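Undergrad: This is the structure I want to talk about, given as structure tokens.
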Amino acid sequence: MRYIDTTQLYSKASAWSGVNLWENKTLKQDFREFFFNKCWYTECPLSGQDVHIDHFRPKAKIVRFKAYPYNTTIATAGYDWLANDYKNYRACCIYANRKTGNGGKSNYFPLQHGSPHAQNGNINGEIGMLIDPLVQSDVKLWAFLNNKIECSSNNPYDKSRVEVSATIYNLVDPGLTADRLKKWDEVTHCIERFLGGKIDKDVLKEDLLEMSCRAAPYSAVAICCIKSRKSDIPSDVYDQLDLNL
């Protein structure tokens, strides 16, 4: 997951309309293209599949995820006042959006224990468990190591958020796990080729820039791998890479 600043995307809102706004074709295309045709949650490519417009806070109903609390006062209605609020939308793949295997976002929106419940159309104060790609401090909690998903923080609450989000966004899907491992191996192979004298510094820089750029699939995995191998990368190359999630 990478942080997504939606300022420029929202500037196109005048072109979106409809009773069910999330079904608007122009909106769906704009959301798809804004993050380089990738799922906002998993970073998998959307090529060959339709983009799903997920309601970050479910629009119709809410179901409980494991033992975590949720907004029981609107369980059957969901956050219905946000149904046509494009700021509540996240573009994603079918694996992240629909209940599939052990994951899928479906109608989940777990809350932190002790969180107040949103009422009367106001979500201020409600504290969700899910990591939001639109919140930079959230995204920084993600960490990848080979095919494992870890948390960059030692805070128990942060660790719980990563664990819950990884399951609900279906990052545990075997196919997605395999793809992330492949990306990790590609970065590792590139660095090993440089250390073995098979490519020069310029090629190393070009390859690492390509794999870690925001447009690349699973670029967050590439960034974590690069950071883990910092000592093996020339400082003048490392310093030219954008390693901010």
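The chains in the structure tokens are called A, B, ... from first to last as shown; in each chain the residues are counted from 1, and the ligands are counted from 1 in the order shown.
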Which polymer residues have any atom within 12 Å of an atom of Cys44 in chain A, counting only C-alpha atoms, with same-chain residues fewer than 2 positions away left out, as a PDB file with C-alpha atoms, in the first residue's frame?

TA:
```pdb
ATOM      1  CA  MET A   1       0.000   0.000   0.000  1.00  0.00           C
ATOM      2  CA  ARG A   2       1.182   3.517  -0.838  1.00  0.00           C
ATOM      3  CA  ARG A  32      -8.749   3.538 -11.729  1.00  0.00           C
ATOM      4  CA  PHE A  35      -3.294   5.220  -8.936  1.00  0.00           C
ATOM      5  CA  PHE A  36      -1.804   3.847 -12.139  1.00  0.00           C
ATOM      6  CA  ASN A  37      -4.436   1.171 -12.727  1.00  0.00           C
ATOM      7  CA  LYS A  38      -3.653  -0.498  -9.389  1.00  0.00           C
ATOM      8  CA  CYS A  39      -5.744  -1.549  -6.414  1.00  0.00           C
ATOM      9  CA  TRP A  40      -5.445   1.064  -3.688  1.00  0.00           C
ATOM     10  CA  TYR A  41      -5.259  -1.637  -1.017  1.00  0.00           C
ATOM     11  CA  THR A  42      -3.124  -4.417  -2.507  1.00  0.00           C
ATOM     12  CA  LEU A  46      -6.264  -4.003 -12.427  1.00  0.00           C
ATOM     13  CA  SER A  47      -5.507  -5.001 -15.997  1.00  0.00           C
ATOM     14  CA  GLY A  48      -8.042  -7.533 -17.233  1.00  0.00           C
ATOM     15  CA  GLN A  49     -10.537  -6.850 -14.453  1.00  0.00           C
ATOM     16  CA  VAL A  51     -12.293  -1.675 -10.934  1.00  0.00           C
ATOM     17  CA  ALA A  91     -10.645   1.920  -5.893  1.00  0.00           C
ATOM     18  CA  CYS A  92      -9.730  -1.719  -5.476  1.00  0.00           C
ATOM     19  CA  CYS A  93      -9.533  -5.189  -6.975  1.00  0.00           C
ATOM     20  CA  ILE A  94     -12.095  -7.952  -6.570  1.00  0.00           C
ATOM     21  CA  TYR A  95      -9.812  -9.819  -4.145  1.00  0.00           C
ATOM     22  CA  ALA A  96      -9.784  -6.906  -1.715  1.00  0.00           C
ATOM     23  CA  TYR A 169      -8.018  -6.403   2.418  1.00  0.00           C
ATOM     24  CA  ASN A 170      -7.159 -10.011   1.551  1.00  0.00           C
ATOM     25  CA  LEU A 171      -3.417  -9.458   1.366  1.00  0.00           C
ATOM     26  CA  ASP A 173      -4.589 -14.351  -0.604  1.00  0.00           C
ATOM     27  CA  GLY A 175      -1.915 -15.397  -5.332  1.00  0.00           C
ATOM     28  CA  LEU A 176      -1.206 -11.921  -3.989  1.00  0.00           C
ATOM     29  CA  THR A 177       1.307 -13.345  -1.517  1.00  0.00           C
ATOM     30  CA  ALA A 178       3.124 -15.101  -4.364  1.00  0.00           C
ATOM     31  CA  ASP A 179       3.184 -11.926  -6.444  1.00  0.00           C
ATOM     32  CA  ARG A 180       4.647  -9.908  -3.581  1.00  0.00           C
ATOM     33  CA  LYS A 183       8.644  -8.639  -6.451  1.00  0.00           C
ATOM     34  CA  ALA A 215       3.331   3.235 -10.946  1.00  0.00           C
ATOM     35  CA  ALA A 216       4.935  -0.179 -10.399  1.00  0.00           C
ATOM     36  CA  PRO A 217       2.836  -3.065  -9.039  1.00  0.00           C
ATOM     37  CA  TYR A 218       3.694  -3.944  -5.427  1.00  0.00           C
ATOM     38  CA  SER A 219       6.084  -0.982  -5.213  1.00  0.00           C
ATOM     39  CA  ALA A 220       5.725  -0.911  -1.399  1.00  0.00           C
ATOM     40  CA  VAL A 221       7.285  -4.386  -1.293  1.00  0.00           C
TER      41      VAL A 221
END
```

Undergrad: Which residues are near Pro234 in chain A? Cut-off 12 Å, only C-alpha atoms, ignore same chain within fewer than 2 positions. Put them as a ChimeraX atom specification.

TA: /A:191,194-195,200-202,204-205,208,226,229-232,236-241

Undergrad: For range 67-78 of chain A, list every protein, DNA or RNA residue within 9 Å, evaluated using only C-alpha atoms, and leave out those in the same chain fewer than 4 positions away; present the list as a list in words.

TA: Arg57, Pro58, Lys59, Ala60, Lys61, Ile62, Val63, Leu82, Asn107, Tyr108, Phe109, Pro110, Leu111, Gln112, His113, Gly114, Ser115, Pro116, His117, Ala118, Gln119, Gly128 and Met129 of chain A

Undergrad: Just give me the gap between CA of Gly121 in chain A and CA of Thr26 in chain A in Å, one decimal is fine.

TA: 26.8 Å

Undergrad: In range 3-242 of chain A, what's helix (DSSP H, G or I) per DSSP? Answer as a compact mmCIF listing (two decimals) with N, CA and C atoms, in the first residue's frame?

TA:
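Printed below is states-v1.txt as written:
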```txt
# COMPACT_ATOMS: atom_id res chain seq x y z
N THR A 7 -6.13 14.92 -3.75
CA THR A 7 -6.50 16.31 -4.04
C THR A 7 -6.80 16.51 -5.52
N GLN A 8 -5.91 16.06 -6.38
CA GLN A 8 -6.11 16.25 -7.82
C GLN A 8 -7.27 15.39 -8.34
N LEU A 9 -7.44 14.22 -7.78
CA LEU A 9 -8.55 13.37 -8.19
C LEU A 9 -9.88 14.05 -7.88
N TYR A 10 -10.03 14.58 -6.69
CA TYR A 10 -11.29 15.20 -6.29
C TYR A 10 -11.60 16.46 -7.09
N ALA A 13 -14.43 16.13 -9.65
CA ALA A 13 -15.74 15.70 -9.14
C ALA A 13 -16.92 16.27 -9.90
N SER A 14 -16.75 17.41 -10.53
CA SER A 14 -17.87 18.02 -11.26
C SER A 14 -18.32 17.15 -12.43
N ALA A 15 -17.49 16.22 -12.86
CA ALA A 15 -17.83 15.34 -13.99
C ALA A 15 -18.54 14.07 -13.53
N LEU A 21 -23.69 7.08 -7.18
CA LEU A 21 -22.51 7.75 -7.71
C LEU A 21 -21.36 6.80 -7.98
N TRP A 22 -21.21 5.77 -7.14
CA TRP A 22 -20.09 4.85 -7.28
C TRP A 22 -20.15 4.04 -8.58
N GLU A 23 -21.29 4.03 -9.25
CA GLU A 23 -21.44 3.32 -10.51
C GLU A 23 -21.14 4.20 -11.72
N LYS A 25 -19.48 5.81 -14.67
CA LYS A 25 -18.37 5.28 -15.47
C LYS A 25 -17.16 6.21 -15.47
N THR A 26 -17.42 7.51 -15.53
CA THR A 26 -16.31 8.46 -15.52
C THR A 26 -15.58 8.42 -14.19
N LEU A 27 -16.35 8.38 -13.10
CA LEU A 27 -15.74 8.29 -11.78
C LEU A 27 -14.89 7.03 -11.66
N LYS A 28 -15.43 5.91 -12.07
CA LYS A 28 -14.69 4.65 -11.97
C LYS A 28 -13.39 4.69 -12.77
N GLN A 29 -13.44 5.28 -13.96
CA GLN A 29 -12.24 5.38 -14.78
C GLN A 29 -11.23 6.33 -14.15
N ASP A 30 -11.71 7.45 -13.61
CA ASP A 30 -10.81 8.40 -12.98
C ASP A 30 -10.14 7.79 -11.75
N PHE A 31 -10.91 7.06 -10.95
CA PHE A 31 -10.33 6.41 -9.77
C PHE A 31 -9.34 5.32 -10.18
N ARG A 32 -9.65 4.59 -11.23
CA ARG A 32 -8.75 3.54 -11.73
C ARG A 32 -7.42 4.13 -12.18
N GLU A 33 -7.49 5.18 -12.96
CA GLU A 33 -6.28 5.75 -13.55
C GLU A 33 -5.45 6.53 -12.55
N PHE A 34 -6.08 7.05 -11.51
CA PHE A 34 -5.36 7.94 -10.60
C PHE A 34 -4.21 7.25 -9.90
N THR A 72 -22.83 -0.77 16.13
CA THR A 72 -24.07 -1.55 16.20
C THR A 72 -25.31 -0.68 16.02
N THR A 73 -25.20 0.60 16.28
CA THR A 73 -26.37 1.48 16.17
C THR A 73 -26.83 1.66 14.73
N ILE A 74 -25.95 1.40 13.77
CA ILE A 74 -26.32 1.52 12.35
C ILE A 74 -26.02 0.23 11.60
N ASP A 80 -25.07 5.03 5.62
CA ASP A 80 -25.83 5.30 4.39
C ASP A 80 -25.69 6.74 3.92
N TRP A 81 -25.39 7.66 4.83
CA TRP A 81 -25.24 9.06 4.42
C TRP A 81 -23.93 9.29 3.63
N LEU A 82 -23.06 8.27 3.62
CA LEU A 82 -21.80 8.37 2.87
C LEU A 82 -21.86 7.60 1.54
N TYR A 86 -17.99 10.76 -2.51
CA TYR A 86 -16.82 10.18 -3.19
C TYR A 86 -15.58 10.15 -2.30
N LYS A 87 -15.56 10.92 -1.22
CA LYS A 87 -14.42 10.88 -0.31
C LYS A 87 -14.42 9.59 0.51
N ASN A 88 -15.50 8.86 0.47
CA ASN A 88 -15.59 7.57 1.15
C ASN A 88 -15.24 6.41 0.21
N ILE A 94 -11.04 -7.06 -7.06
CA ILE A 94 -12.10 -7.95 -6.57
C ILE A 94 -11.63 -8.74 -5.34
N TYR A 95 -10.32 -9.05 -5.28
CA TYR A 95 -9.81 -9.82 -4.14
C TYR A 95 -9.94 -9.04 -2.84
N ALA A 96 -9.70 -7.72 -2.92
CA ALA A 96 -9.78 -6.91 -1.71
C ALA A 96 -11.22 -6.56 -1.36
N ASN A 97 -12.09 -6.43 -2.36
CA ASN A 97 -13.43 -5.92 -2.11
C ASN A 97 -14.43 -6.99 -1.69
N GLN A 136 -1.49 9.17 5.48
CA GLN A 136 -0.06 8.88 5.36
C GLN A 136 0.49 8.16 6.59
N SER A 137 0.08 8.58 7.78
CA SER A 137 0.58 7.94 8.99
C SER A 137 0.12 6.49 9.09
N ASP A 138 -1.04 6.18 8.52
CA ASP A 138 -1.52 4.79 8.48
C ASP A 138 -0.60 3.94 7.61
N VAL A 139 -0.35 4.43 6.42
CA VAL A 139 0.40 3.65 5.43
C VAL A 139 1.80 3.32 5.93
N PRO A 156 1.23 -2.31 20.30
CA PRO A 156 0.28 -3.41 20.12
C PRO A 156 -0.95 -3.03 19.29
N TYR A 157 -1.46 -1.83 19.49
CA TYR A 157 -2.62 -1.38 18.72
C TYR A 157 -2.27 -1.28 17.23
N ASP A 158 -1.10 -0.72 16.91
CA ASP A 158 -0.67 -0.62 15.51
C ASP A 158 -0.52 -2.01 14.89
N LYS A 159 0.03 -2.94 15.66
CA LYS A 159 0.20 -4.30 15.16
C LYS A 159 -1.15 -4.95 14.87
N SER A 160 -2.12 -4.69 15.75
CA SER A 160 -3.46 -5.23 15.53
C SER A 160 -4.08 -4.64 14.26
N ARG A 161 -3.86 -3.37 14.03
CA ARG A 161 -4.41 -2.72 12.84
C ARG A 161 -3.84 -3.35 11.56
N VAL A 162 -2.54 -3.61 11.56
CA VAL A 162 -1.91 -4.23 10.39
C VAL A 162 -2.46 -5.64 10.18
N GLU A 163 -2.58 -6.39 11.26
CA GLU A 163 -3.09 -7.77 11.16
C GLU A 163 -4.52 -7.79 10.64
N VAL A 164 -5.37 -6.94 11.20
CA VAL A 164 -6.77 -6.87 10.77
C VAL A 164 -6.87 -6.41 9.32
N SER A 165 -6.12 -5.38 8.96
CA SER A 165 -6.19 -4.84 7.60
C SER A 165 -5.67 -5.84 6.58
N ALA A 166 -4.60 -6.55 6.91
CA ALA A 166 -4.05 -7.54 6.00
C ALA A 166 -5.07 -8.63 5.67
N THR A 167 -5.87 -9.01 6.67
CA THR A 167 -6.90 -10.02 6.45
C THR A 167 -8.09 -9.46 5.69
N ILE A 168 -8.60 -8.32 6.13
CA ILE A 168 -9.79 -7.76 5.51
C ILE A 168 -9.53 -7.33 4.06
N PRO A 174 -3.31 -16.30 -1.42
CA PRO A 174 -2.08 -16.97 -1.89
C PRO A 174 -1.51 -16.37 -3.17
N GLY A 175 -2.40 -15.98 -4.09
CA GLY A 175 -1.92 -15.40 -5.33
C GLY A 175 -1.23 -14.07 -5.11
N LEU A 176 -1.81 -13.22 -4.29
CA LEU A 176 -1.21 -11.92 -3.99
C LEU A 176 0.09 -12.10 -3.20
N THR A 177 0.09 -13.06 -2.29
CA THR A 177 1.31 -13.34 -1.52
C THR A 177 2.44 -13.78 -2.44
N ALA A 178 2.12 -14.63 -3.41
CA ALA A 178 3.12 -15.10 -4.36
C ALA A 178 3.65 -13.96 -5.22
N ASP A 179 2.77 -13.07 -5.62
CA ASP A 179 3.18 -11.93 -6.44
C ASP A 179 4.10 -10.98 -5.66
N ARG A 180 3.78 -10.77 -4.40
CA ARG A 180 4.65 -9.91 -3.58
C ARG A 180 6.02 -10.55 -3.38
N LEU A 181 6.05 -11.85 -3.18
CA LEU A 181 7.33 -12.54 -3.02
C LEU A 181 8.15 -12.44 -4.31
N LYS A 182 7.48 -12.54 -5.44
CA LYS A 182 8.17 -12.41 -6.73
C LYS A 182 8.81 -11.03 -6.84
N LYS A 183 8.09 -9.99 -6.42
CA LYS A 183 8.64 -8.64 -6.45
C LYS A 183 9.86 -8.52 -5.54
N TRP A 184 9.76 -9.09 -4.34
CA TRP A 184 10.89 -9.08 -3.41
C TRP A 184 12.10 -9.77 -4.04
N ASP A 185 11.87 -10.90 -4.66
CA ASP A 185 12.96 -11.65 -5.29
C ASP A 185 13.57 -10.88 -6.46
N GLU A 186 12.76 -10.13 -7.20
CA GLU A 186 13.27 -9.34 -8.33
C GLU A 186 14.23 -8.26 -7.83
N VAL A 187 13.85 -7.59 -6.74
CA VAL A 187 14.73 -6.56 -6.18
C VAL A 187 16.01 -7.20 -5.64
N THR A 188 15.86 -8.31 -4.94
CA THR A 188 17.02 -9.00 -4.39
C THR A 188 17.97 -9.43 -5.51
N HIS A 189 17.41 -9.99 -6.58
CA HIS A 189 18.24 -10.45 -7.71
C HIS A 189 18.99 -9.28 -8.34
N CYS A 190 18.33 -8.16 -8.46
CA CYS A 190 18.96 -6.98 -9.04
C CYS A 190 20.17 -6.54 -8.21
N ILE A 191 19.99 -6.48 -6.90
CA ILE A 191 21.09 -6.06 -6.03
C ILE A 191 22.22 -7.08 -6.05
N GLU A 192 21.87 -8.36 -6.06
CA GLU A 192 22.90 -9.40 -6.12
C GLU A 192 23.69 -9.35 -7.42
N ARG A 193 23.02 -9.03 -8.51
CA ARG A 193 23.72 -8.88 -9.79
C ARG A 193 24.73 -7.74 -9.73
N PHE A 194 24.34 -6.65 -9.07
CA PHE A 194 25.26 -5.53 -8.92
C PHE A 194 26.46 -5.93 -8.06
N LEU A 195 26.20 -6.58 -6.95
CA LEU A 195 27.29 -7.00 -6.06
C LEU A 195 28.21 -8.00 -6.74
N LYS A 201 26.51 0.49 -11.72
CA LYS A 201 25.73 1.32 -10.80
C LYS A 201 24.57 2.01 -11.51
N ASP A 202 24.79 2.42 -12.74
CA ASP A 202 23.73 3.12 -13.48
C ASP A 202 22.55 2.19 -13.76
N VAL A 203 22.84 0.96 -14.11
CA VAL A 203 21.77 -0.01 -14.37
C VAL A 203 21.04 -0.34 -13.07
N LEU A 204 21.79 -0.48 -11.99
CA LEU A 204 21.20 -0.73 -10.69
C LEU A 204 20.20 0.37 -10.34
N LYS A 205 20.64 1.61 -10.51
CA LYS A 205 19.76 2.75 -10.20
C LYS A 205 18.52 2.72 -11.07
N GLU A 206 18.68 2.50 -12.35
CA GLU A 206 17.55 2.48 -13.27
C GLU A 206 16.55 1.38 -12.88
N ASP A 207 17.05 0.20 -12.56
CA ASP A 207 16.17 -0.92 -12.21
C ASP A 207 15.44 -0.68 -10.89
N LEU A 208 16.16 -0.16 -9.89
CA LEU A 208 15.53 0.08 -8.60
C LEU A 208 14.51 1.21 -8.67
N LEU A 209 14.81 2.23 -9.48
CA LEU A 209 13.84 3.30 -9.69
C LEU A 209 12.56 2.77 -10.31
N GLU A 210 12.72 1.89 -11.29
CA GLU A 210 11.56 1.34 -11.99
C GLU A 210 10.71 0.48 -11.06
N MET A 211 11.34 -0.36 -10.23
CA MET A 211 10.59 -1.27 -9.38
C MET A 211 9.95 -0.59 -8.18
N SER A 212 10.49 0.55 -7.76
CA SER A 212 9.98 1.23 -6.57
C SER A 212 9.12 2.44 -6.89
N SER A 219 4.91 -1.83 -5.43
CA SER A 219 6.08 -0.98 -5.21
C SER A 219 6.43 -0.85 -3.73
N ALA A 220 5.44 -0.98 -2.84
CA ALA A 220 5.73 -0.91 -1.40
C ALA A 220 6.62 -2.07 -0.97
N VAL A 221 6.43 -3.23 -1.58
CA VAL A 221 7.29 -4.39 -1.29
C VAL A 221 8.71 -4.11 -1.75
N ALA A 222 8.83 -3.53 -2.95
CA ALA A 222 10.15 -3.19 -3.48
C ALA A 222 10.86 -2.21 -2.54
N ILE A 223 10.12 -1.23 -2.04
CA ILE A 223 10.70 -0.23 -1.14
C ILE A 223 11.20 -0.89 0.13
N CYS A 224 10.42 -1.78 0.71
CA CYS A 224 10.84 -2.47 1.94
C CYS A 224 12.08 -3.32 1.70
N CYS A 225 12.14 -3.97 0.55
CA CYS A 225 13.32 -4.79 0.23
C CYS A 225 14.55 -3.91 0.06
N ILE A 226 14.39 -2.80 -0.65
CA ILE A 226 15.51 -1.89 -0.86
C ILE A 226 16.03 -1.37 0.48
N LYS A 227 15.12 -0.99 1.37
CA LYS A 227 15.53 -0.48 2.67
C LYS A 227 16.29 -1.54 3.47
N SER A 228 15.86 -2.80 3.32
CA SER A 228 16.52 -3.88 4.06
C SER A 228 17.93 -4.17 3.54
N LYS A 230 20.01 -1.65 2.33
CA LYS A 230 20.63 -0.34 2.19
C LYS A 230 22.15 -0.40 2.17
N SER A 231 22.72 -1.23 3.00
CA SER A 231 24.19 -1.32 3.09
C SER A 231 24.83 -1.87 1.82
N ASP A 232 24.03 -2.52 0.97
CA ASP A 232 24.55 -3.10 -0.27
C ASP A 232 24.38 -2.18 -1.48
N SER A 235 25.48 4.80 -1.77
CA SER A 235 24.70 5.86 -1.15
C SER A 235 24.16 6.86 -2.17
N ASP A 236 24.93 7.13 -3.24
CA ASP A 236 24.45 8.10 -4.23
C ASP A 236 23.29 7.53 -5.05
N VAL A 237 23.18 6.21 -5.12
CA VAL A 237 22.03 5.57 -5.77
C VAL A 237 20.85 5.56 -4.81
N TYR A 238 21.10 5.12 -3.59
CA TYR A 238 20.05 5.01 -2.58
C TYR A 238 19.35 6.34 -2.36
```

Undergrad: Just list the residues in range 14-233 of chain A DSSP gives strand (DSSP E) on the backbone, as a list in words.

TA: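 Taking range 14-233 of chain A and keeping strand (DSSP E) only, one gets His52, Ile53, Asp54, His55, Tyr89, Arg90, Ala91, Cys92, Trp142, Ala143, Phe144, Leu145, Lys148, Ile149, Glu150 and Cys151 of chain A.
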
Undergrad: Expressed in Å to a single decimal, how great is the separation between CA of Ile149 in chain A and CA of Val172 in chain A?

TA: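 Those two atoms sit 8.7 Å apart.
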